[in-house]
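K.L.:
The structure follows.
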Amino acid sequence: MRRPLVIGHRGAPGYRPEHSRSSYTLALEMGVDAVEPDVVLSKDGVLVVRHENEISGTTDVATRPEFADRRTTKEVDGVALTGWFTEDFTWEELATLTCRERLPEVRPTSATFDGRQPVLRLIDVLDLVRDASLAQGREIGVVLEIKHATFMASLGFDLAAIVHDELRGAGWATGEWPLIVESFESSILFVLQERGLPARYVYLLEAAGKPFDLVVAHGDDAPTYPSIAHPAGLDRLIGRVDGISVDKRMLLAPDRLGRATDRSRIIADAHARGLQVFTWTCRPENPFLVKEFRRPGGKAAFGDYEAEWALIRDGANGEGGVDGVFVDHADLGVEFFRDGLTSSDRGPSS
């Protein structure tokens with residue numbers, strides 16, 4: 001059976017605030033094959049590791065009186081957002097902020113680590129992964145997600161050049177270390193390919209909506225994300241990217257009662273065209289599971305995540321499962337997807 005690549009999604013945010021140093025360190029200790037940093041930009045062009053450029057929910061910026069006047073409203077990728085944005089701060093200022101748990105009602109234990117660790121740069125994560133690879137004697141990869149490329153270009157940033165230069169300076173642009181580059185905007189992927197960055201390229205697809213770069217280029221004629229995952233859309237990706245990464249609901253295709261079905265053909269269609277399929281995000285807590293796999297106990301309780309994950313691992317149609325999975329609980333992901341262990345295998349004491 002194919003064992004998918006197990007990717008620590010923003011580190012191990014099931015246990016520590018996402019994108020914090022301890023989140024990445026824990027994921028690496030738990031044996032993931034790769035970790036996934038998201039990158040946005042500071043005012044002075046530093047690649048900062050944050051899920052979004054709006055940082056009020058993941059840092060302590062809202063509690064800092066010296067930054068109160070930076071709160072503003074912007075339209076990012078066509079959506080109006082109010083808060084604090086990385087591109088309005090220098091790296092020196094961002095480095096004074098600390099990480100916070102984004103979902104404290106779901107992950108209260110992780111929230112106990114709020115305020116303990118500073119925000120990281122991409123170079124910090126690259127160094128952590130390299131050091132862990134050497135210490136553990138195995139190759140550990142980086143799955144680099146580039147956020148809001150078209151928006152950043154509108155502010156005057158050449159994001160492709162900044163990313164390439166950073167990776168080259170860190171020794172990650174030679175092909176020596178495993179590197180995957182992903183984005184919800186294909187144009188930034190194509191530019192990095194043209195620059196000769198040696199990596200695998202993965203196109204991220206939402207379950208709804210349209211890629212913002214294509215909306216800017218084509219307006220109402222821009223394709224939807226779901227249409228790109230259909231055969232005709234996948235045909236246009238052959239030779240352009242190495243794979244796609246889809247919202248797991250696109251694979252599980254839940255019906256109106258919240259039951260996973262076998263209607264999705266994405267994996268088989270992509271594999272038939274030589275494209276790999278990754279999926280995001282495998283989480284065990286009730287709110288993140290398809291309805292049929294939720295169990296009593298509230299938001300923080302684990303549902304029957306193994307039943308859901310089995311469909312992702314094995315493929316709902318029996319055609320084989322995904323090539324990579326993003327997980328928040330690194331240990332559970334490694335045990336289930338790579339080692340094939342379930343809760344019954346681990347026993348009652350685990």
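As shown in the structure tokens, the chain order sets the letters A, B, ...; within each chain, residues go from 1, and ligands are also counted from 1 in the order they appear.
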Near Asp88 (chain A), counting only C-alpha atoms, which residues have an atom at most 8 Å away, once you skip same-chain residues fewer than 3 positions from it, shown as a PyMOL selection string?
P.N.:
chain A and resi 42-43+70+84-85
K.L.:
Considering only alpha helix (DSSP H) as DSSP defines it on the backbone, what residues of region 212-327 of chain A qualify? List them as a PyMOL selection string.
P.N.:
chain A and resi 212-218+225-228+231-235+248-252+266-272+305-314
K.L.:
Fewer than 4 positions away in the same chain doesn't count, so skip those; otherwise give me all residues within 6 Å of region 240-252 of chain A, counting only C-alpha atoms, as a ChimeraX atom specification.
P.N.:
/A:200-207,260,264,275-280
K.L.:
Can you work out the spacing between CA of Ile162 (chain A) and CA of Asp127 (chain A) in Å, to one decimal?
P.N.:
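About the pair CA of Ile162 (chain A) and CA of Asp127 (chain A): they are 17.6 Å apart.
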